[in-house]
>>> print(open('run37.pdb').read())   # PDB, C-alpha atoms
MODEL        1
ATOM      1  CA  MET A 268      -0.028   0.749   6.270
ATOM      2  CA  THR A 269      -1.217  -2.813   5.677
ATOM      3  CA  PRO A 270      -2.698  -4.604   8.677
ATOM      4  CA  ILE A 271      -1.054  -7.852   9.741
ATOM      5  CA  LYS A 272      -3.333 -10.734   8.814
ATOM      6  CA  GLU A 273      -1.601 -13.596  10.570
ATOM      7  CA  VAL A 274       0.851 -13.672  13.471
ATOM      8  CA  THR A 275       2.399 -16.789  14.933
ATOM      9  CA  PHE A 276       4.404 -16.758  18.143
ATOM     10  CA  VAL A 277       6.887 -19.594  18.409
ATOM     11  CA  LEU A 278       8.683 -20.658  21.579
ATOM     12  CA  GLY A 279      11.739 -22.856  21.275
ATOM     13  CA  ASP A 280      15.369 -22.961  20.253
ATOM     14  CA  ALA A 281      16.093 -19.751  18.325
ATOM     15  CA  LEU A 282      18.526 -21.335  15.873
ATOM     16  CA  GLU A 283      16.044 -24.065  14.927
ATOM     17  CA  ILE A 284      13.180 -21.578  14.551
ATOM     18  CA  ILE A 285      15.199 -19.175  12.392
ATOM     19  CA  ALA A 286      16.388 -21.993  10.113
ATOM     20  CA  LYS A 287      12.848 -23.368   9.780
ATOM     21  CA  HIS A 288      11.297 -19.973   8.943
ATOM     22  CA  SER A 289      13.840 -18.720   6.370
ATOM     23  CA  ASP A 290      11.087 -17.517   4.069
ATOM     24  CA  PRO A 291      10.843 -14.111   2.318
ATOM     25  CA  ALA A 292       7.217 -13.840   3.524
ATOM     26  CA  ALA A 293       8.266 -14.199   7.186
ATOM     27  CA  LEU A 294       9.271 -11.460   9.610
ATOM     28  CA  LEU A 295      11.382 -12.654  12.541
ATOM     29  CA  TYR A 296      11.938 -10.536  15.643
ATOM     30  CA  CYS A 297      15.000 -11.545  17.670
ATOM     31  CA  ASP A 298      15.865 -10.170  21.100
ATOM     32  CA  PRO A 299      18.979 -12.058  22.256
ATOM     33  CA  PRO A 300      20.826 -11.386  25.515
ATOM     34  CA  TYR A 301      22.970  -8.261  25.480
ATOM     35  CA  ILE A 302      26.656  -8.908  24.890
ATOM     36  CA  ASN A 303      28.472  -8.810  28.242
ATOM     37  CA  HIS A 304      25.175  -9.458  30.073
ATOM     38  CA  GLU A 305      24.677 -13.131  29.171
ATOM     39  CA  HIS A 306      25.124 -14.131  32.823
ATOM     40  CA  GLN A 307      21.716 -12.582  33.591
ATOM     41  CA  TYR A 308      19.877 -15.171  31.478
ATOM     42  CA  ARG A 309      18.850 -18.757  32.200
ATOM     43  CA  LYS A 310      19.899 -20.212  28.875
ATOM     44  CA  LYS A 311      23.207 -19.653  27.105
ATOM     45  CA  VAL A 312      22.897 -18.351  23.550
ATOM     46  CA  ASP A 313      25.590 -18.825  20.910
ATOM     47  CA  LEU A 314      25.520 -15.253  19.557
ATOM     48  CA  LYS A 315      28.027 -15.984  16.764
ATOM     49  CA  ALA A 316      25.883 -18.847  15.478
ATOM     50  CA  LEU A 317      22.761 -16.690  15.817
ATOM     51  CA  LEU A 318      24.248 -13.823  13.783
ATOM     52  CA  LYS A 319      25.587 -16.224  11.148
ATOM     53  CA  LEU A 320      22.131 -17.744  10.700
ATOM     54  CA  LEU A 321      20.363 -14.372  10.661
ATOM     55  CA  LYS A 322      22.692 -13.079   7.941
ATOM     56  CA  VAL A 323      21.783 -15.919   5.547
ATOM     57  CA  SER A 324      18.071 -16.065   6.361
ATOM     58  CA  LYS A 325      15.672 -15.151   3.565
ATOM     59  CA  ALA A 326      13.176 -13.800   6.129
ATOM     60  CA  LYS A 327      12.889 -10.162   7.069
ATOM     61  CA  ILE A 328      14.794  -9.824  10.335
ATOM     62  CA  VAL A 329      14.362  -7.331  13.174
ATOM     63  CA  LEU A 330      17.125  -7.722  15.767
ATOM     64  CA  SER A 331      17.306  -5.709  18.972
ATOM     65  CA  GLY A 332      20.445  -5.301  21.025
ATOM     66  CA  ASN A 333      23.282  -2.917  21.592
ATOM     67  CA  SER A 334      25.920  -1.479  19.267
ATOM     68  CA  HIS A 335      28.183  -4.539  19.650
ATOM     69  CA  PHE A 336      26.377  -6.140  16.677
ATOM     70  CA  SER A 337      27.262  -3.302  14.266
ATOM     71  CA  PRO A 338      30.558  -4.722  12.922
ATOM     72  CA  ASP A 339      28.903  -8.081  12.161
ATOM     73  CA  LEU A 340      25.949  -6.670  10.239
ATOM     74  CA  LYS A 341      27.470  -4.782   7.316
ATOM     75  CA  GLY A 342      24.782  -3.913   4.773
ATOM     76  CA  TRP A 343      21.971  -3.984   7.375
ATOM     77  CA  TRP A 344      20.103  -0.940   8.685
ATOM     78  CA  MET A 345      20.370   0.298  12.262
ATOM     79  CA  ASP A 346      18.365   2.721  14.363
ATOM     80  CA  ARG A 347      19.488   3.666  17.878
ATOM     81  CA  LYS A 348      17.774   5.293  20.801
ATOM     82  CA  LEU A 349      18.651   6.167  24.368
ATOM     83  CA  VAL A 350      16.284   4.387  26.751
ATOM     84  CA  ALA A 351      15.927   4.144  30.520
ATOM     85  CA  ASN A 352      18.059   1.390  32.034
ATOM     86  CA  ASN A 353      15.739   0.002  34.690
ATOM     87  CA  SER A 354      18.413  -2.377  35.997
ATOM     88  CA  SER A 355      20.749   0.524  36.757
ATOM     89  CA  PRO A 356      20.643   1.801  40.366
ATOM     90  CA  ASP A 357      20.576   5.420  39.165
ATOM     91  CA  ASN A 358      18.227   4.757  36.202
ATOM     92  CA  ARG A 359      20.771   6.148  33.742
ATOM     93  CA  LYS A 360      20.091   5.843  30.032
ATOM     94  CA  MET A 361      21.542   3.161  27.778
ATOM     95  CA  GLU A 362      21.747   2.787  24.026
ATOM     96  CA  GLU A 363      19.268   0.395  22.426
ATOM     97  CA  CYS A 364      19.772  -0.551  18.782
ATOM     98  CA  VAL A 365      17.361  -2.124  16.332
ATOM     99  CA  TYR A 366      18.841  -3.766  13.243
ATOM    100  CA  THR A 367      16.985  -4.870  10.124
ATOM    101  CA  ASN A 368      18.080  -6.659   6.954
ATOM    102  CA  PHE A 369      15.640  -4.527   4.955
ATOM    103  CA  PRO A 370      15.262  -0.734   4.556
ATOM    104  CA  SER A 371      13.683   0.557   7.751
ATOM    105  CA  GLY A 372      14.547   4.220   8.056
ATOM    106  CA  GLY A 373      17.729   3.692  10.057
ATOM    107  CA  ILE A 374      21.302   4.216   8.861
ATOM    108  CA  ARG A 375      22.895   1.683   6.506
ATOM    109  CA  LEU A 376      25.867  -0.109   8.044
TER     110      LEU A 376
ENDMDL
END
>>> encode(input="run37.pdb", output="structure tokens")
Amino acid sequence: MTPIKEVTFVLGDALEIIAKHSDPAALLYCDPPYINHEHQYRKKVDLKALLKLLKVSKAKIVLSGNSHFSPDLKGWWMDRKLVANNSSPDNRKMEECVYTNFPSGGIRL
């Protein structure tokens, strides 16, 4: 495993940041609001525009979310896990998915 030499954290509009950093040497981690849970967030995110931009980006992309993204990310890789849902009154488990546009050990969509 190669250690990471340089990490930059950027705060701002996701669509602008993704467009600006469309570089094969970049790795972008995106954690947008869950579909059907957008009301729990301060800022509205245009998920269709986000996915469209991620699909054409030259950067390596890691996208977390739920299985709703699967139909939009054909050719990407997906790994899913059951995790504790801390916002649930009975702490039941929920499915968490991680998508990548590069081989990552998950299943190919």
>>> closest_residue(input="run37.pdb", among="A:Thr269, A:Ser289, A:Asn353, A:Thr367", to="A:Phe336", atoms="all atoms listed in the file")
A:Thr367
>>> residues_around(input="run37.pdb", residues="A:Glu273", least_positions_apart="4", cutoff="12 Å", atoms="all atoms listed in the file", output="PyMOL selection string")
chain A and resi 269+292-294
>>> atom_distance(input="run37.pdb", atom1="atom CA of A:Tyr296", atom2="atom CA of A:Tyr366")
10.0 Å
>>> residues_around(input="run37.pdb", residues="A:Cys297", least_positions_apart="4", cutoff="9 Å", atoms="only C-alpha atoms", output="list of chain:residue names")
A:Ala281, A:Ile328, A:Val329, A:Leu330, A:Ser331, A:Gly332
>>> atom_distance(input="run37.pdb", atom1="atom CA of A:His335", atom2="atom CA of A:Lys315")
11.8 Å
>>> atom_distance(input="run37.pdb", atom1="atom CA of A:Glu362", atom2="atom CA of A:Lys348")
5.7 Å
>>> axis_aligned_box(input="run37.pdb", around="stretch 274-282 of chain A", padding_each_side="5 Å", output="JSON")
{"center_x": 9.7, "center_y": -18.3, "center_z": 17.5, "size_x": 27.7, "size_y": 19.3, "size_z": 18.1}
>>> residues_around(input="run37.pdb", residues="A:Ile374", least_positions_apart="4", cutoff="9 Å", atoms="only C-alpha atoms", output="list in words")
Trp343, Trp344, Met345, Asp346 and Pro370 of chain A
>>> resolve_selection(input="run37.pdb", expression="the PyMOL selection byres ((chain A and resi 324) around 12)", output="list of chain:residue names")
A:Leu282, A:Glu283, A:Ile284, A:Ile285, A:Ala286, A:Lys287, A:His288, A:Ser289, A:Asp290, A:Pro291, A:Ala292, A:Ala293, A:Leu294, A:Leu295, A:Leu317, A:Leu318, A:Lys319, A:Leu320, A:Leu321, A:Lys322, A:Val323, A:Lys325, A:Ala326, A:Lys327, A:Ile328, A:Val329, A:Thr367, A:Asn368, A:Phe369
>>> build_atoms(input="run37.pdb", residues="stretch 332-348 of chain A", atoms="N, CA and C atoms", output="PDB file, in the frame of the given file")
ATOM      1  N   GLY A 332      19.228  -5.063  20.252  1.00  0.00           N
ATOM      2  CA  GLY A 332      20.445  -5.301  21.025  1.00  0.00           C
ATOM      3  C   GLY A 332      21.173  -4.002  21.264  1.00  0.00           C
ATOM      4  N   ASN A 333      22.473  -4.116  21.424  1.00  0.00           N
ATOM      5  CA  ASN A 333      23.282  -2.917  21.592  1.00  0.00           C
ATOM      6  C   ASN A 333      24.225  -2.774  20.406  1.00  0.00           C
ATOM      7  N   SER A 334      25.087  -1.782  20.441  1.00  0.00           N
ATOM      8  CA  SER A 334      25.920  -1.479  19.267  1.00  0.00           C
ATOM      9  C   SER A 334      27.005  -2.510  19.006  1.00  0.00           C
ATOM     10  N   HIS A 335      27.165  -3.503  19.874  1.00  0.00           N
ATOM     11  CA  HIS A 335      28.183  -4.539  19.650  1.00  0.00           C
ATOM     12  C   HIS A 335      27.928  -5.333  18.364  1.00  0.00           C
ATOM     13  N   PHE A 336      26.687  -5.381  17.886  1.00  0.00           N
ATOM     14  CA  PHE A 336      26.377  -6.140  16.677  1.00  0.00           C
ATOM     15  C   PHE A 336      26.800  -5.412  15.400  1.00  0.00           C
ATOM     16  N   SER A 337      27.009  -4.113  15.461  1.00  0.00           N
ATOM     17  CA  SER A 337      27.262  -3.302  14.266  1.00  0.00           C
ATOM     18  C   SER A 337      28.336  -3.856  13.339  1.00  0.00           C
ATOM     19  N   PRO A 338      29.521  -4.238  13.843  1.00  0.00           N
ATOM     20  CA  PRO A 338      30.558  -4.722  12.922  1.00  0.00           C
ATOM     21  C   PRO A 338      30.172  -6.009  12.190  1.00  0.00           C
ATOM     22  N   ASP A 339      29.288  -6.806  12.759  1.00  0.00           N
ATOM     23  CA  ASP A 339      28.903  -8.081  12.161  1.00  0.00           C
ATOM     24  C   ASP A 339      27.768  -7.958  11.155  1.00  0.00           C
ATOM     25  N   LEU A 340      27.153  -6.805  11.056  1.00  0.00           N
ATOM     26  CA  LEU A 340      25.949  -6.670  10.239  1.00  0.00           C
ATOM     27  C   LEU A 340      26.114  -5.633   9.131  1.00  0.00           C
ATOM     28  N   LYS A 341      27.231  -5.690   8.444  1.00  0.00           N
ATOM     29  CA  LYS A 341      27.470  -4.782   7.316  1.00  0.00           C
ATOM     30  C   LYS A 341      26.379  -4.968   6.269  1.00  0.00           C
ATOM     31  N   GLY A 342      25.844  -3.868   5.770  1.00  0.00           N
ATOM     32  CA  GLY A 342      24.782  -3.913   4.773  1.00  0.00           C
ATOM     33  C   GLY A 342      23.381  -3.899   5.379  1.00  0.00           C
ATOM     34  N   TRP A 343      23.265  -4.049   6.699  1.00  0.00           N
ATOM     35  CA  TRP A 343      21.971  -3.984   7.375  1.00  0.00           C
ATOM     36  C   TRP A 343      21.679  -2.530   7.728  1.00  0.00           C
ATOM     37  N   TRP A 344      20.500  -2.262   8.218  1.00  0.00           N
ATOM     38  CA  TRP A 344      20.103  -0.940   8.685  1.00  0.00           C
ATOM     39  C   TRP A 344      20.047  -0.948  10.206  1.00  0.00           C
ATOM     40  N   MET A 345      20.373   0.201  10.813  1.00  0.00           N
ATOM     41  CA  MET A 345      20.370   0.298  12.262  1.00  0.00           C
ATOM     42  C   MET A 345      19.741   1.615  12.692  1.00  0.00           C
ATOM     43  N   ASP A 346      18.930   1.538  13.720  1.00  0.00           N
ATOM     44  CA  ASP A 346      18.365   2.721  14.363  1.00  0.00           C
ATOM     45  C   ASP A 346      18.717   2.613  15.837  1.00  0.00           C
ATOM     46  N   ARG A 347      19.140   3.713  16.452  1.00  0.00           N
ATOM     47  CA  ARG A 347      19.488   3.666  17.878  1.00  0.00           C
ATOM     48  C   ARG A 347      18.752   4.735  18.662  1.00  0.00           C
ATOM     49  N   LYS A 348      18.474   4.378  19.894  1.00  0.00           N
ATOM     50  CA  LYS A 348      17.774   5.293  20.801  1.00  0.00           C
ATOM     51  C   LYS A 348      18.379   5.162  22.198  1.00  0.00           C
TER      52      LYS A 348
END
